[in-house]
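First the structure, in the form of structure tokens, and then the observations on it.
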Amino acid sequence: MWDWNYALEILPELLIALRMTVIATLLGFLSAVIVGLLLALAIRSRWVWLRLTAKGFNGFIRNTPLLVQVFFIYYSLPMMTGISLPAFYAGILGLGLHYSTYLSEVYRSGIEAVPRGQWEAATALNYTKLDTWRSVILPQAIPPIIPVLGNYLIVMFKETPILSAITLVELLLTAKNIVSESFRVFEPYTLVGLLFLAISYPSSLLVRRLEKRMNLQRGK
Amino acid sequence: MPESWIDFIPTLLEGAKITVTVAILATLLAVVTAFASGLMSLSRLRLIRWISSIYVEVFRGTSLLVQLFWLYFALPFAGIELPKLLAAVLAVGLNFGAYGSEVVRSAILAVPKGQWEAAIALNMTPWQRMSYIILPQAALRMLPPFGNLLVELIKSTSLVYFITMADLTYQAMVLRNNYISWTSEILLLLLLMYLVMTSLVSFGIRVWERKWSEGRM
């Protein structure tokens, strides 16, 4: 059932695909971190229309499947706007937008945890809105949420196989291609599972340690 | 040729039936495994704790789609051939059971220590303590995170499309293949149908939570 020689033979190809998966994850995460912050700020905005749009976007994206969103970006966007994205960028955009809504909640919790006195102090010191955010609020809001962001990075890594639906050649699609040539199914798919585990399990241990250390620092 | 986007609805509703079936069966499996594994993780016996933590780490550490592929495409080579529905329910149910296991565990640990001590002082057996004192209090804490997981579960049933199960997403993609020029309408309709399902479920869970916590918290 399990052929070690065959498994070793296909491993290099899978490792190359793993690199692609990691790159897609990191780029998706980067866009989610940026868009998520913008969303969190928009949801706190004084302008009603901006707040409502951001909230509506958030609810819509969070309540529909990533797979369908990726289909929409890849198939419908070119028809509606004339902008046609290659699978790689469509995948990253879909992944990034989907998780930006989750990250906006994480930012929100970080921002709300900053004591009110900090806002008042910034006002008392005559800080502008921008300076208040940049040098008082965000430097205190972001460090505590870093472990949570780390967890979402791991979650996003595990969601990348979905992008194979729009022919983004990541780990799972590579395995599928190997299967269609060799007709040996067991090794490729098992290896893919093991590779995911080999990265996400140590990473989650790392995040847990980080979390513990940060709680200690804050005297919890 | 379809006259308007309304013509797509009957086909999509056919798919929605499969989606709902998978979601319900997977939820049942997930709840059972979440409680089993969550309780096991609190056991005094190290072996039982290990079994639970291996289950949780394996299913959380590998991707759901990879698990589905493995169950449906790889397992037949080990001599176990699963029908599509069973493979789908097993993959989704066991995956979310692993996430739910942590919810159950932390909700039980969050019940104040005095409650445990009071149950011991009243000479209750461990079984009585768990089922009459601890679990009823923990269950209320579990409800909101379980509600979030349920929304994630419904969304993730769209992955059964990959094993060509005729769910909502699959039906929509078949329609799209037949009527390429209607792609945007079909996909928007598809998104809306998922939105309706998940919104109904999270609304239901919120109502349930409010009813349940009346006079308790």
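In the structure tokens, each chain is lettered A, B, ... as it comes, each chain's residues begin at 1, and ligands are numbered from 1 in order of appearance.
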
Interface residues on chain A facing chain B, 7 Å, only C-alpha atoms, written as a PDB file with N, CA and C atoms, in the first residue's frame:
```pdb
ATOM      1  N   MET A   1       0.836  -1.196   0.000  1.00  0.00           N
ATOM      2  CA  MET A   1       0.000   0.000   0.000  1.00  0.00           C
ATOM      3  C   MET A   1       0.878   1.256   0.000  1.00  0.00           C
ATOM      4  N   PHE A  60     -21.075  40.332   4.928  1.00  0.00           N
ATOM      5  CA  PHE A  60     -21.269  39.577   3.692  1.00  0.00           C
ATOM      6  C   PHE A  60     -20.111  38.600   3.463  1.00  0.00           C
ATOM      7  N   ASN A  63     -19.937  35.657   5.954  1.00  0.00           N
ATOM      8  CA  ASN A  63     -21.031  34.694   5.939  1.00  0.00           C
ATOM      9  C   ASN A  63     -21.175  33.940   4.625  1.00  0.00           C
ATOM     10  N   THR A  64     -20.195  34.086   3.734  1.00  0.00           N
ATOM     11  CA  THR A  64     -20.245  33.322   2.489  1.00  0.00           C
ATOM     12  C   THR A  64     -18.923  32.579   2.322  1.00  0.00           C
ATOM     13  N   PRO A  65     -18.940  31.441   1.599  1.00  0.00           N
ATOM     14  CA  PRO A  65     -17.736  30.604   1.535  1.00  0.00           C
ATOM     15  C   PRO A  65     -16.618  31.248   0.704  1.00  0.00           C
ATOM     16  N   VAL A  68     -16.568  30.218  -3.048  1.00  0.00           N
ATOM     17  CA  VAL A  68     -17.446  30.927  -3.975  1.00  0.00           C
ATOM     18  C   VAL A  68     -16.916  32.337  -4.245  1.00  0.00           C
ATOM     19  N   PHE A  72     -15.962  33.948  -7.788  1.00  0.00           N
ATOM     20  CA  PHE A  72     -16.501  35.232  -8.223  1.00  0.00           C
ATOM     21  C   PHE A  72     -15.379  36.155  -8.714  1.00  0.00           C
ATOM     22  N   SER A  76     -16.201  36.164 -12.464  1.00  0.00           N
ATOM     23  CA  SER A  76     -17.165  37.243 -12.693  1.00  0.00           C
ATOM     24  C   SER A  76     -16.518  38.608 -12.831  1.00  0.00           C
ATOM     25  N   LYS A 158      -3.793  26.793   5.865  1.00  0.00           N
ATOM     26  CA  LYS A 158      -4.568  25.571   5.649  1.00  0.00           C
ATOM     27  C   LYS A 158      -5.717  25.766   4.669  1.00  0.00           C
ATOM     28  N   GLU A 159      -6.058  27.018   4.385  1.00  0.00           N
ATOM     29  CA  GLU A 159      -7.154  27.263   3.439  1.00  0.00           C
ATOM     30  C   GLU A 159      -6.662  27.329   1.989  1.00  0.00           C
ATOM     31  N   PRO A 161      -5.464  25.220  -0.103  1.00  0.00           N
ATOM     32  CA  PRO A 161      -5.879  24.207  -1.093  1.00  0.00           C
ATOM     33  C   PRO A 161      -7.159  24.592  -1.838  1.00  0.00           C
ATOM     34  N   VAL A 185      -2.514   6.897  -5.723  1.00  0.00           N
ATOM     35  CA  VAL A 185      -3.238   7.952  -5.020  1.00  0.00           C
ATOM     36  C   VAL A 185      -2.771   8.110  -3.587  1.00  0.00           C
ATOM     37  N   PHE A 186      -2.443   6.991  -2.972  1.00  0.00           N
ATOM     38  CA  PHE A 186      -2.264   6.992  -1.524  1.00  0.00           C
ATOM     39  C   PHE A 186      -1.109   7.886  -1.066  1.00  0.00           C
ATOM     40  N   TYR A 189      -1.493  12.113  -1.636  1.00  0.00           N
ATOM     41  CA  TYR A 189      -2.430  12.806  -0.743  1.00  0.00           C
ATOM     42  C   TYR A 189      -2.004  12.685   0.716  1.00  0.00           C
ATOM     43  N   THR A 190      -1.442  11.528   1.078  1.00  0.00           N
ATOM     44  CA  THR A 190      -0.981  11.386   2.459  1.00  0.00           C
ATOM     45  C   THR A 190       0.178  12.342   2.721  1.00  0.00           C
ATOM     46  N   GLY A 193      -1.016  15.847   3.313  1.00  0.00           N
ATOM     47  CA  GLY A 193      -1.516  15.999   4.684  1.00  0.00           C
ATOM     48  C   GLY A 193      -0.369  16.123   5.676  1.00  0.00           C
ATOM     49  N   PHE A 196       1.325  19.522   5.493  1.00  0.00           N
ATOM     50  CA  PHE A 196       0.540  20.560   6.173  1.00  0.00           C
ATOM     51  C   PHE A 196       0.745  20.460   7.683  1.00  0.00           C
ATOM     52  N   LEU A 197       0.674  19.230   8.184  1.00  0.00           N
ATOM     53  CA  LEU A 197       0.832  19.023   9.620  1.00  0.00           C
ATOM     54  C   LEU A 197       2.233  19.447  10.063  1.00  0.00           C
ATOM     55  N   SER A 200       2.088  23.350  10.150  1.00  0.00           N
ATOM     56  CA  SER A 200       1.138  24.059  10.998  1.00  0.00           C
ATOM     57  C   SER A 200       1.236  23.645  12.469  1.00  0.00           C
ATOM     58  N   TYR A 201       1.606  22.402  12.751  1.00  0.00           N
ATOM     59  CA  TYR A 201       1.675  22.015  14.168  1.00  0.00           C
ATOM     60  C   TYR A 201       2.801  22.746  14.910  1.00  0.00           C
TER      61      TYR A 201
END
```

Mind checking which residues fall within 10 Å of Ser104 (chain A), counting only C-alpha atoms, ignoring those fewer than 6 positions away in the same chain, and posting them as a PDB file with N, CA and C atoms, in the first residue's frame?
```
ATOM      1  N   ALA A  32      -4.379  40.793   4.010  1.00  0.00           N
ATOM      2  CA  ALA A  32      -5.409  40.737   5.053  1.00  0.00           C
ATOM      3  C   ALA A  32      -5.043  41.645   6.223  1.00  0.00           C
ATOM      4  N   VAL A  33      -3.754  41.707   6.566  1.00  0.00           N
ATOM      5  CA  VAL A  33      -3.313  42.544   7.679  1.00  0.00           C
ATOM      6  C   VAL A  33      -3.587  44.015   7.369  1.00  0.00           C
ATOM      7  N   ILE A  34      -3.321  44.408   6.105  1.00  0.00           N
ATOM      8  CA  ILE A  34      -3.519  45.814   5.733  1.00  0.00           C
ATOM      9  C   ILE A  34      -5.007  46.138   5.609  1.00  0.00           C
ATOM     10  N   VAL A  35      -5.734  45.337   4.814  1.00  0.00           N
ATOM     11  CA  VAL A  35      -7.157  45.610   4.610  1.00  0.00           C
ATOM     12  C   VAL A  35      -7.924  45.472   5.922  1.00  0.00           C
ATOM     13  N   GLY A  36      -7.515  44.503   6.737  1.00  0.00           N
ATOM     14  CA  GLY A  36      -8.187  44.298   8.023  1.00  0.00           C
ATOM     15  C   GLY A  36      -8.099  45.533   8.905  1.00  0.00           C
ATOM     16  N   LEU A  37      -6.912  46.157   8.934  1.00  0.00           N
ATOM     17  CA  LEU A  37      -6.742  47.372   9.743  1.00  0.00           C
ATOM     18  C   LEU A  37      -7.622  48.496   9.190  1.00  0.00           C
ATOM     19  N   LEU A  38      -7.612  48.644   7.862  1.00  0.00           N
ATOM     20  CA  LEU A  38      -8.443  49.688   7.256  1.00  0.00           C
ATOM     21  C   LEU A  38      -9.914  49.457   7.593  1.00  0.00           C
ATOM     22  N   LEU A  39     -10.337  48.186   7.526  1.00  0.00           N
ATOM     23  CA  LEU A  39     -11.733  47.859   7.848  1.00  0.00           C
ATOM     24  C   LEU A  39     -12.050  48.207   9.297  1.00  0.00           C
ATOM     25  N   ALA A  40     -11.126  47.849  10.188  1.00  0.00           N
ATOM     26  CA  ALA A  40     -11.353  48.116  11.613  1.00  0.00           C
ATOM     27  C   ALA A  40     -11.498  49.616  11.837  1.00  0.00           C
ATOM     28  N   LEU A  41     -10.652  50.412  11.153  1.00  0.00           N
ATOM     29  CA  LEU A  41     -10.740  51.861  11.301  1.00  0.00           C
ATOM     30  C   LEU A  41     -12.041  52.379  10.693  1.00  0.00           C
ATOM     31  N   ALA A  42     -12.418  51.818   9.530  1.00  0.00           N
ATOM     32  CA  ALA A  42     -13.641  52.264   8.863  1.00  0.00           C
ATOM     33  C   ALA A  42     -14.860  51.987   9.741  1.00  0.00           C
ATOM     34  N   ILE A  43     -14.842  50.831  10.451  1.00  0.00           N
ATOM     35  CA  ILE A  43     -15.985  50.482  11.297  1.00  0.00           C
ATOM     36  C   ILE A  43     -16.095  51.444  12.485  1.00  0.00           C
ATOM     37  N   ASN A  58     -18.117  43.437   5.794  1.00  0.00           N
ATOM     38  CA  ASN A  58     -17.673  42.467   6.781  1.00  0.00           C
ATOM     39  C   ASN A  58     -18.645  41.303   6.917  1.00  0.00           C
ATOM     40  N   GLY A 110      -8.244  44.531  19.943  1.00  0.00           N
ATOM     41  CA  GLY A 110      -7.013  45.156  20.415  1.00  0.00           C
ATOM     42  C   GLY A 110      -7.214  46.626  20.712  1.00  0.00           C
TER      43      GLY A 110
END
```

Excluding Phe71 (chain A) and its own-chain neighbours fewer than 3 positions away, which residues fall within 9 Å of it when counting only C-alpha atoms? Please give them as a PyMOL selection string. (chain A and resi 66-68+74-76+90+94+165-166) or (chain B and resi 187)

Hey, what does DSSP flag as helix (DSSP H, G or I) within region 36-206 of chain A? Can you give it to me as a PyMOL selection string? chain A and resi 36-43+48-62+66-81+87-112+116-124+129-166+171-182+186-206

If we count only C-alpha atoms, what is near Ile120 (chain B) at a cut-off of 12 Å, once residues fewer than 5 positions away on the same chain are taken out, given as JSON, numbers by chain? {"B": [113, 114, 115, 125, 126, 127, 128, 129, 130, 133, 134]}

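Closest to Ser41 (chain B) among B:Val89, B:Val104, B:Ala121, B:Ile80 is B:Val104, based on only C-alpha atoms.
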